[in-house]
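Raw my_file-v2.csv, CSV, C-alpha atoms:
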```csv
chain,number,residue,atom,x,y,z
A,100,MET,CA,-7.9,-10.5,-11.2
A,101,LEU,CA,-9.3,-7.1,-10.3
A,102,ILE,CA,-13.1,-6.9,-9.9
A,103,ASP,CA,-14.9,-3.7,-9.2
A,104,THR,CA,-17.8,-5.0,-7.1
A,105,HIS,CA,-19.7,-1.7,-7.1
A,106,SER,CA,-19.9,0.8,-10.0
A,107,HIS,CA,-22.6,2.9,-11.7
A,108,LEU,CA,-21.1,3.2,-15.2
A,109,TYR,CA,-24.6,3.4,-16.7
A,110,LEU,CA,-25.2,6.9,-15.3
A,111,GLU,CA,-25.2,10.1,-17.4
A,112,HIS,CA,-21.7,10.9,-16.2
A,113,PHE,CA,-20.3,8.3,-18.7
A,114,LYS,CA,-22.6,8.9,-21.6
A,115,GLU,CA,-20.0,10.6,-23.8
A,116,ASP,CA,-16.9,8.3,-23.3
A,117,ILE,CA,-18.1,4.9,-22.0
A,118,ASP,CA,-16.0,3.1,-24.7
A,119,GLU,CA,-12.8,4.8,-23.4
A,120,VAL,CA,-13.9,4.1,-19.8
A,121,ILE,CA,-14.2,0.4,-20.5
A,122,ASP,CA,-10.8,0.4,-22.4
A,123,ARG,CA,-9.1,1.9,-19.3
A,124,CYS,CA,-10.6,-0.9,-17.2
A,125,LYS,CA,-8.9,-3.4,-19.4
A,126,LYS,CA,-5.6,-1.6,-19.4
A,127,ASN,CA,-5.7,-1.5,-15.5
A,128,GLY,CA,-6.5,-5.2,-15.3
A,129,VAL,CA,-10.1,-4.8,-14.2
A,130,GLU,CA,-11.8,-7.8,-15.7
A,131,LYS,CA,-15.4,-7.6,-14.3
A,132,VAL,CA,-17.6,-4.7,-13.0
A,133,ILE,CA,-20.7,-5.3,-10.9
A,134,LEU,CA,-23.3,-2.7,-11.7
A,135,PRO,CA,-25.9,-2.3,-8.9
A,136,ASN,CA,-29.2,-0.7,-9.9
A,137,ILE,CA,-30.8,2.4,-8.3
A,138,ASP,CA,-34.5,2.3,-9.3
A,139,SER,CA,-36.8,1.8,-12.3
A,140,LYS,CA,-35.5,5.0,-14.0
A,141,SER,CA,-31.9,3.6,-14.1
A,142,LEU,CA,-32.9,0.1,-15.2
A,143,GLN,CA,-32.9,0.6,-19.0
A,144,SER,CA,-29.5,2.3,-19.1
A,145,LEU,CA,-28.1,-0.4,-16.9
A,146,VAL,CA,-29.5,-3.2,-19.0
A,147,THR,CA,-28.2,-1.6,-22.2
A,148,LEU,CA,-24.7,-1.2,-20.9
A,149,CYS,CA,-24.6,-4.8,-19.8
A,150,HIS,CA,-25.8,-5.9,-23.3
A,151,THR,CA,-23.2,-3.8,-24.9
A,152,TYR,CA,-20.3,-5.1,-22.8
A,153,PRO,CA,-21.5,-8.5,-21.6
A,154,ALA,CA,-18.0,-9.8,-20.8
A,155,ILE,CA,-17.2,-7.1,-18.3
A,156,CYS,CA,-20.5,-5.4,-17.1
A,157,LEU,CA,-22.6,-7.5,-14.9
A,158,PRO,CA,-26.0,-6.4,-13.5
A,159,ALA,CA,-27.4,-6.4,-10.0
A,160,ILE,CA,-31.0,-5.3,-9.5
A,161,GLY,CA,-32.4,-3.5,-6.5
A,162,LEU,CA,-34.1,-0.4,-5.2
A,163,HIS,CA,-31.7,2.1,-3.6
A,164,PRO,CA,-32.9,3.3,-0.2
A,165,CYS,CA,-32.8,6.9,-1.4
A,166,SER,CA,-35.3,5.9,-4.1
A,167,VAL,CA,-37.8,4.6,-1.5
A,168,GLN,CA,-40.5,7.2,-1.8
A,169,GLN,CA,-44.3,7.2,-1.8
A,170,ASN,CA,-44.3,4.8,-4.8
A,171,TRP,CA,-41.8,2.4,-3.4
A,172,GLN,CA,-44.1,-0.7,-3.8
A,173,GLU,CA,-44.7,0.1,-7.5
A,174,GLU,CA,-40.9,0.5,-7.9
A,175,LEU,CA,-40.3,-2.9,-6.3
A,176,ALA,CA,-43.0,-4.5,-8.6
A,177,ILE,CA,-41.3,-3.2,-11.7
A,178,LEU,CA,-37.9,-4.5,-10.6
A,179,ARG,CA,-39.3,-7.8,-9.5
A,180,GLN,CA,-41.0,-8.2,-12.9
A,181,TYR,CA,-37.7,-7.6,-14.6
A,182,ILE,CA,-36.0,-10.2,-12.4
A,183,ASP,CA,-38.7,-12.7,-13.2
A,184,ASP,CA,-38.5,-12.0,-16.9
A,185,GLN,CA,-34.8,-12.6,-16.8
A,186,GLN,CA,-35.3,-15.9,-14.9
A,187,GLN,CA,-37.7,-17.1,-17.6
A,188,GLN,CA,-35.3,-16.0,-20.4
A,189,LYS,CA,-32.4,-17.7,-18.6
A,190,GLY,CA,-30.6,-14.3,-18.3
A,191,ARG,CA,-28.2,-13.8,-15.4
A,192,ILE,CA,-28.6,-11.3,-12.6
A,193,TYR,CA,-25.6,-11.3,-10.2
A,194,GLY,CA,-27.0,-9.8,-7.1
A,195,ILE,CA,-29.8,-7.9,-5.4
A,196,GLY,CA,-28.7,-4.3,-4.9
A,197,GLU,CA,-28.2,-1.6,-4.3
A,198,ILE,CA,-30.4,-2.0,-1.2
A,199,GLY,CA,-30.2,-0.9,2.4
A,200,LEU,CA,-30.9,2.1,4.6
A,201,ASP,CA,-30.0,5.7,4.3
A,202,TYR,CA,-30.9,8.2,7.1
A,203,TYR,CA,-28.5,10.9,6.0
A,204,TRP,CA,-30.6,12.7,3.4
A,205,ASP,CA,-34.1,12.1,4.7
A,206,THR,CA,-35.9,10.0,7.2
A,207,THR,CA,-39.4,10.6,5.9
A,208,PHE,CA,-39.7,7.0,4.6
A,209,LYS,CA,-37.6,5.3,7.2
A,210,GLU,CA,-40.0,2.5,8.0
A,211,GLN,CA,-40.7,2.0,4.2
A,212,GLN,CA,-36.9,1.7,3.7
A,213,LYS,CA,-36.8,-1.1,6.3
A,214,GLU,CA,-39.8,-2.9,4.7
A,215,ALA,CA,-38.3,-2.6,1.2
A,216,LEU,CA,-35.0,-3.9,2.5
A,217,ARG,CA,-36.7,-7.0,4.1
A,218,ILE,CA,-38.6,-7.7,0.9
A,219,GLN,CA,-35.4,-7.5,-1.2
A,220,ILE,CA,-33.4,-9.6,1.2
A,221,GLN,CA,-36.1,-12.3,0.8
A,222,TRP,CA,-35.8,-12.1,-3.0
A,223,ALA,CA,-32.0,-12.7,-2.6
A,224,LYS,CA,-32.6,-15.7,-0.4
A,225,ASP,CA,-35.2,-17.2,-2.8
A,226,LEU,CA,-33.0,-16.6,-5.8
A,227,ASN,CA,-29.7,-17.6,-4.2
A,228,LEU,CA,-28.1,-14.2,-4.9
A,229,PRO,CA,-25.9,-12.0,-2.7
A,230,ILE,CA,-27.1,-8.6,-1.5
A,231,ILE,CA,-25.2,-5.3,-2.0
A,232,LEU,CA,-25.9,-3.2,1.0
A,233,HIS,CA,-25.9,0.6,1.2
A,234,CYS,CA,-25.6,2.0,4.7
A,235,ARG,CA,-25.4,5.6,5.7
A,236,ASP,CA,-26.1,6.8,9.3
A,237,SER,CA,-28.1,3.6,9.8
A,238,PHE,CA,-25.6,0.9,10.7
A,239,ASP,CA,-27.4,-0.4,13.8
A,240,ASP,CA,-30.8,-0.7,12.1
A,241,LEU,CA,-29.3,-2.3,9.0
A,242,LEU,CA,-27.3,-4.8,11.0
A,243,ALA,CA,-30.3,-5.7,13.1
A,244,ILE,CA,-32.4,-6.5,10.0
A,245,VAL,CA,-29.6,-8.5,8.4
A,246,GLN,CA,-29.0,-10.4,11.7
A,247,GLU,CA,-32.8,-11.1,11.9
A,248,LEU,CA,-33.0,-12.6,8.4
A,249,ASN,CA,-29.5,-14.1,8.2
A,250,ASP,CA,-29.1,-17.8,7.5
A,251,GLU,CA,-27.1,-20.1,5.2
A,252,HIS,CA,-28.9,-18.8,2.2
A,253,LEU,CA,-27.9,-15.2,2.7
A,254,SER,CA,-24.6,-13.5,1.7
A,255,GLY,CA,-23.5,-10.1,0.5
A,256,ILE,CA,-21.4,-7.0,0.8
A,257,PHE,CA,-21.5,-4.0,3.2
A,258,HIS,CA,-20.7,-1.6,0.4
A,259,CYS,CA,-18.4,1.4,1.0
A,260,PHE,CA,-17.4,0.3,4.5
A,261,SER,CA,-16.1,3.1,6.7
A,262,GLY,CA,-17.1,1.8,10.1
A,263,SER,CA,-15.3,0.9,13.4
A,264,LYS,CA,-13.4,-2.2,14.4
A,265,GLU,CA,-16.6,-3.3,16.3
A,266,ASP,CA,-18.7,-2.7,13.2
A,267,ALA,CA,-16.3,-4.9,11.2
A,268,GLU,CA,-16.4,-7.6,13.8
A,269,GLN,CA,-20.2,-7.7,13.7
A,270,ILE,CA,-20.1,-8.0,9.9
A,271,MET,CA,-17.6,-10.9,10.2
A,272,ASP,CA,-19.9,-12.6,12.7
A,273,LEU,CA,-22.6,-12.8,10.1
A,274,GLY,CA,-20.7,-15.5,8.2
A,275,ASN,CA,-21.1,-15.1,4.4
A,276,PHE,CA,-20.5,-11.3,4.3
A,277,TYR,CA,-17.7,-9.1,3.0
A,278,VAL,CA,-16.8,-5.5,3.4
A,279,GLY,CA,-16.5,-3.4,0.2
A,280,ILE,CA,-13.4,-1.1,0.3
A,281,GLY,CA,-13.4,1.9,-2.0
A,282,GLY,CA,-11.7,5.2,-2.6
A,283,VAL,CA,-12.3,6.6,0.9
A,284,ILE,CA,-9.4,4.4,2.1
A,285,THR,CA,-7.0,6.6,0.0
A,286,PHE,CA,-8.1,9.9,1.5
A,287,LYS,CA,-5.7,11.8,3.7
A,288,LYS,CA,-8.1,11.9,6.6
A,289,SER,CA,-8.8,8.1,6.6
A,290,GLU,CA,-6.0,7.0,8.9
A,291,GLU,CA,-8.6,5.5,11.3
A,292,LEU,CA,-10.3,3.5,8.6
A,293,ARG,CA,-7.0,2.2,7.3
A,294,SER,CA,-6.2,1.0,10.9
A,295,VAL,CA,-9.6,-0.8,11.0
A,296,VAL,CA,-9.1,-2.4,7.5
A,297,GLN,CA,-5.6,-3.6,8.5
A,298,GLN,CA,-7.4,-5.9,11.1
A,299,ILE,CA,-10.0,-7.3,8.7
A,300,PRO,CA,-9.0,-10.6,7.1
A,301,LEU,CA,-8.2,-10.3,3.4
A,302,ASP,CA,-10.5,-13.2,2.6
A,303,ARG,CA,-13.4,-11.0,3.8
A,304,ILE,CA,-12.6,-7.9,1.6
A,305,VAL,CA,-13.7,-7.0,-1.9
A,306,VAL,CA,-12.7,-3.8,-3.7
A,307,GLU,CA,-15.0,-1.3,-5.4
A,308,THR,CA,-15.2,2.3,-6.8
A,309,ASP,CA,-18.8,3.4,-6.4
A,310,SER,CA,-18.2,5.3,-9.7
A,311,PRO,CA,-18.8,8.1,-10.4
A,312,TYR,CA,-18.5,9.0,-6.7
A,313,LEU,CA,-15.8,8.8,-4.0
A,314,THR,CA,-12.9,9.1,-6.4
A,315,PRO,CA,-9.6,7.8,-4.9
A,316,ALA,CA,-6.3,9.7,-4.7
A,317,PRO,CA,-4.6,10.7,-7.0
A,318,TYR,CA,-7.8,11.7,-8.9
A,319,ARG,CA,-9.9,12.9,-5.9
A,320,GLY,CA,-12.2,15.7,-7.0
A,321,LYS,CA,-12.7,14.3,-10.5
A,322,ARG,CA,-15.2,11.8,-11.8
A,323,ASN,CA,-14.5,8.3,-10.5
A,324,GLU,CA,-14.4,5.3,-12.9
A,325,SER,CA,-13.9,1.5,-12.5
A,326,SER,CA,-10.3,1.5,-13.8
A,327,TYR,CA,-9.5,3.5,-10.6
A,328,VAL,CA,-10.2,0.4,-8.5
A,329,LEU,CA,-6.5,-0.3,-9.1
A,330,TYR,CA,-5.6,2.6,-6.7
A,331,VAL,CA,-7.9,1.1,-4.0
A,332,ALA,CA,-6.1,-2.2,-4.4
A,333,GLU,CA,-2.7,-0.5,-4.3
A,334,MET,CA,-3.6,1.2,-1.0
A,335,LEU,CA,-4.9,-2.1,0.4
A,336,ALA,CA,-1.6,-3.7,-0.5
A,337,THR,CA,0.2,-1.0,1.4
A,338,ILE,CA,-2.0,-1.4,4.4
A,339,LYS,CA,-1.7,-5.2,4.4
A,340,GLN,CA,2.0,-5.1,3.5
A,341,VAL,CA,1.6,-7.6,0.7
A,342,ASN,CA,2.1,-7.2,-3.1
A,343,LEU,CA,-0.6,-6.0,-5.4
A,344,ASP,CA,-0.8,-9.4,-7.1
A,345,LYS,CA,-1.9,-10.9,-3.8
A,346,ILE,CA,-4.6,-8.3,-3.3
A,347,SER,CA,-5.9,-8.7,-6.8
A,348,ARG,CA,-5.9,-12.5,-6.5
A,349,ILE,CA,-7.6,-12.8,-3.1
A,350,THR,CA,-10.2,-10.0,-3.5
A,351,GLY,CA,-10.9,-11.2,-7.0
A,352,GLN,CA,-11.5,-14.7,-5.8
A,353,ASN,CA,-13.8,-13.4,-3.0
A,354,ALA,CA,-15.9,-11.7,-5.7
A,355,ILE,CA,-15.9,-14.7,-7.9
A,356,GLU,CA,-17.2,-16.9,-5.1
A,357,LEU,CA,-19.8,-14.4,-3.9
A,358,PHE,CA,-21.2,-13.6,-7.3
A,359,GLN,CA,-20.8,-17.1,-8.7
A,360,LEU,CA,-18.8,-15.8,-11.6
```
As structure tokens, how would this structure be written, given the file I've shared?
Amino acid sequence: MLIDTHSHLYLEHFKEDIDEVIDRCKKNGVEKVILPNIDSKSLQSLVTLCHTYPAICLPAIGLHPCSVQQNWQEELAILRQYIDDQQQQKGRIYGIGEIGLDYYWDTTFKEQQKEALRIQIQWAKDLNLPIILHCRDSFDDLLAIVQELNDEHLSGIFHCFSGSKEDAEQIMDLGNFYVGIGGVITFKKSEELRSVVQQIPLDRIVVETDSPYLTPAPYRGKRNESSYVLYVAEMLATIKQVNLDKISRITGQNAIELFQL
């Protein structure tokens, strides 16, 4: 079972052909797609897509670190209200995400990003949900916060992993955490990443696309979509020197256990 553990199919990029996008998922054997939220503006389109395709599109709710601005507390309040409403209506949410730290674009709200991350990690622990972590130019700070709050109630994914062997080892030491491997692993200049991933146990890996971004070869430069997680899995099979069925089965089972599917 192929599961795309990170995709944004609810964005405008897919407005004109989402039916075809979902059909291509089915043709490529992608049975589930986890859809992490960005902020309050993206919430309605995310919810609508999950209601339209409830068998394949599964929501995660969180405030992306790049959306942590002056009004971050109001944003968190809106998202928390939606989560609470879903709890009362017995609706499923599959994770808290996309959350994390991003120092690449702007560090104006660096401390607010950290506080928003801590708050949302606590949501996840209270609700027994995994976290989906975004990390850009911020690994040490992100890891420190996760280590500080980590216990038997916390689990999750370091989304779009592209770190070193040492980074991977520190993630493994957290216990209930996985690395999310996406299209970057197929890029020509990613030999070092492929070497690192070769050393990560397969039972600690999940596959993802981050659609519409980070499109894998052979479609690099075009819009990414969840059906292309197949090409990530194929590269992973090459790296691990096993067949595609084994990659699909083990990474799929990892996602099933993590997201309680």
Can you tell me which residues surround Glu111 (chain A) at a distance of at most 10 Å, considering all atoms listed in the file, apart from same-chain residues fewer than 6 positions away, and format the answer as a PyMOL selection string? chain A and resi 117+141+144+311
Quick one: residues within 7 Å of region 220-232 of chain A, only C-alpha atoms, excluding same-chain residues fewer than 3 positions away - as an mmCIF file with C-alpha atoms, keeping the file's coordinate frame?
```
data_model
loop_
_atom_site.group_PDB
_atom_site.id
_atom_site.type_symbol
_atom_site.label_atom_id
_atom_site.label_comp_id
_atom_site.auth_asym_id
_atom_site.auth_seq_id
_atom_site.Cartn_x
_atom_site.Cartn_y
_atom_site.Cartn_z
ATOM 1 C CA TYR A 193 -25.600 -11.300 -10.200
ATOM 2 C CA GLY A 194 -27.000 -9.800 -7.100
ATOM 3 C CA ILE A 195 -29.800 -7.900 -5.400
ATOM 4 C CA GLY A 196 -28.700 -4.300 -4.900
ATOM 5 C CA GLU A 197 -28.200 -1.600 -4.300
ATOM 6 C CA ILE A 198 -30.400 -2.000 -1.200
ATOM 7 C CA GLY A 199 -30.200 -0.900 2.400
ATOM 8 C CA LEU A 216 -35.000 -3.900 2.500
ATOM 9 C CA ARG A 217 -36.700 -7.000 4.100
ATOM 10 C CA HIS A 252 -28.900 -18.800 2.200
ATOM 11 C CA LEU A 253 -27.900 -15.200 2.700
ATOM 12 C CA SER A 254 -24.600 -13.500 1.700
ATOM 13 C CA GLY A 255 -23.500 -10.100 0.500
ATOM 14 C CA ILE A 256 -21.400 -7.000 0.800
ATOM 15 C CA PHE A 257 -21.500 -4.000 3.200
ATOM 16 C CA HIS A 258 -20.700 -1.600 0.400
ATOM 17 C CA LEU A 357 -19.800 -14.400 -3.900
ATOM 18 C CA PHE A 358 -21.200 -13.600 -7.300
#
```
Which is closer to Pro135 (chain A) than all the others in A:Thr308, A:Gln298, A:Thr151, A:Thr337, using only C-alpha atoms?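 Counting only C-alpha atoms, the residue closest to Pro135 (chain A) is A:Thr308.
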Can you tell me which residues surround region 181-187 of chain A at a distance of at most 10 Å, considering only C-alpha atoms, apart from same-chain residues fewer than 3 positions away, and format the answer as a list in words?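 Once the nearby chain positions are removed, what remains is Ser139, Leu142, Ala159, Ile160, Gly161, Leu175, Ala176, Ile177, Leu178, Gly190, Arg191, Ile192, Ile195, Trp222 and Leu226 of chain A.
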Residue with the minimum atom-to-atom distance to Glu291 (chain A), picked from A:Cys165, A:Leu101, A:Ile338, A:Ile121 with all atoms listed in the file counted, is A:Ile338
List the spatial neighbours of Gln168 (chain A) as a VMD selection string - criterion: any atom at most 9 Å away, only C-alpha atoms, same-chain residues fewer than 3 positions off excluded. chain A and resid 164 to 165 171 to 172 207 to 208 211 to 212
Can I get the selected residues back with C-alpha atoms, as a PDB file, keeping the file's coordinate frame?
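Heads up, here's the output in part_20.pdb:
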```
ATOM      1  CA  PRO A 164     -32.900   3.300  -0.200  1.00  0.00           C
ATOM      2  CA  CYS A 165     -32.800   6.900  -1.400  1.00  0.00           C
ATOM      3  CA  TRP A 171     -41.800   2.400  -3.400  1.00  0.00           C
ATOM      4  CA  GLN A 172     -44.100  -0.700  -3.800  1.00  0.00           C
ATOM      5  CA  THR A 207     -39.400  10.600   5.900  1.00  0.00           C
ATOM      6  CA  PHE A 208     -39.700   7.000   4.600  1.00  0.00           C
ATOM      7  CA  GLN A 211     -40.700   2.000   4.200  1.00  0.00           C
ATOM      8  CA  GLN A 212     -36.900   1.700   3.700  1.00  0.00           C
TER       9      GLN A 212
END
```
Closest of A:Glu174, A:Asp236, A:Glu115, A:Glu130 to Ser326 (chain A), counting all atoms listed in the file, is A:Glu130
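The two atoms in question, CA of Val129 (chain A) and CA of Tyr152 (chain A), are spaced 13.3 Å apart.
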Expressed in Å to a single decimal, how great is the separation between CA of Lys125 (chain A) and CA of Phe286 (chain A)? 24.8 Å
Distance query Leu292 (chain A) at most 12 Å, all atoms listed in the file, self and fewer than 2 positions along chain excluded, as a PyMOL selection string: chain A and resi 259-264+266-267+280-290+294-299+334-335+338
Counting all atoms listed in the file, the residue of A:Asp239, A:Leu157, A:Thr206, A:Val306 that sits nearest Gln359 (chain A):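 With all atoms listed in the file as the atom set, the closest residue is A:Leu157.
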Rank nothing, just name the residue among A:Asn249, A:Gln352, A:Gln340, A:Ser166 nearest to Asp201 (chain A), using all atoms listed in the file.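 Using all atoms listed in the file, Asp201 (chain A) sits closest to A:Ser166.
With distances restricted to all atoms listed in the file, A:Val167 is the closest residue to Asp138 (chain A) from A:Leu248, A:Leu108, A:Val167, A:Leu329.
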Build an axis-aligned box that encloses every atom of region 139-158 of chain A listed in the file, pad it by 4 Å on each side, and report its centre and edge lengths in Å to one decimal, as AutoDock Vina command-line options.
```
--center_x -27.0 --center_y -2.4 --center_z -18.6 --size_x 27.6 --size_y 22.8 --size_z 20.6
```
Atomic distance CA of Ala316 (chain A) - CA of Val120 (chain A), expressed in Å with one decimal: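 Going from CA of Ala316 (chain A) over to CA of Val120 (chain A) covers 17.8 Å.
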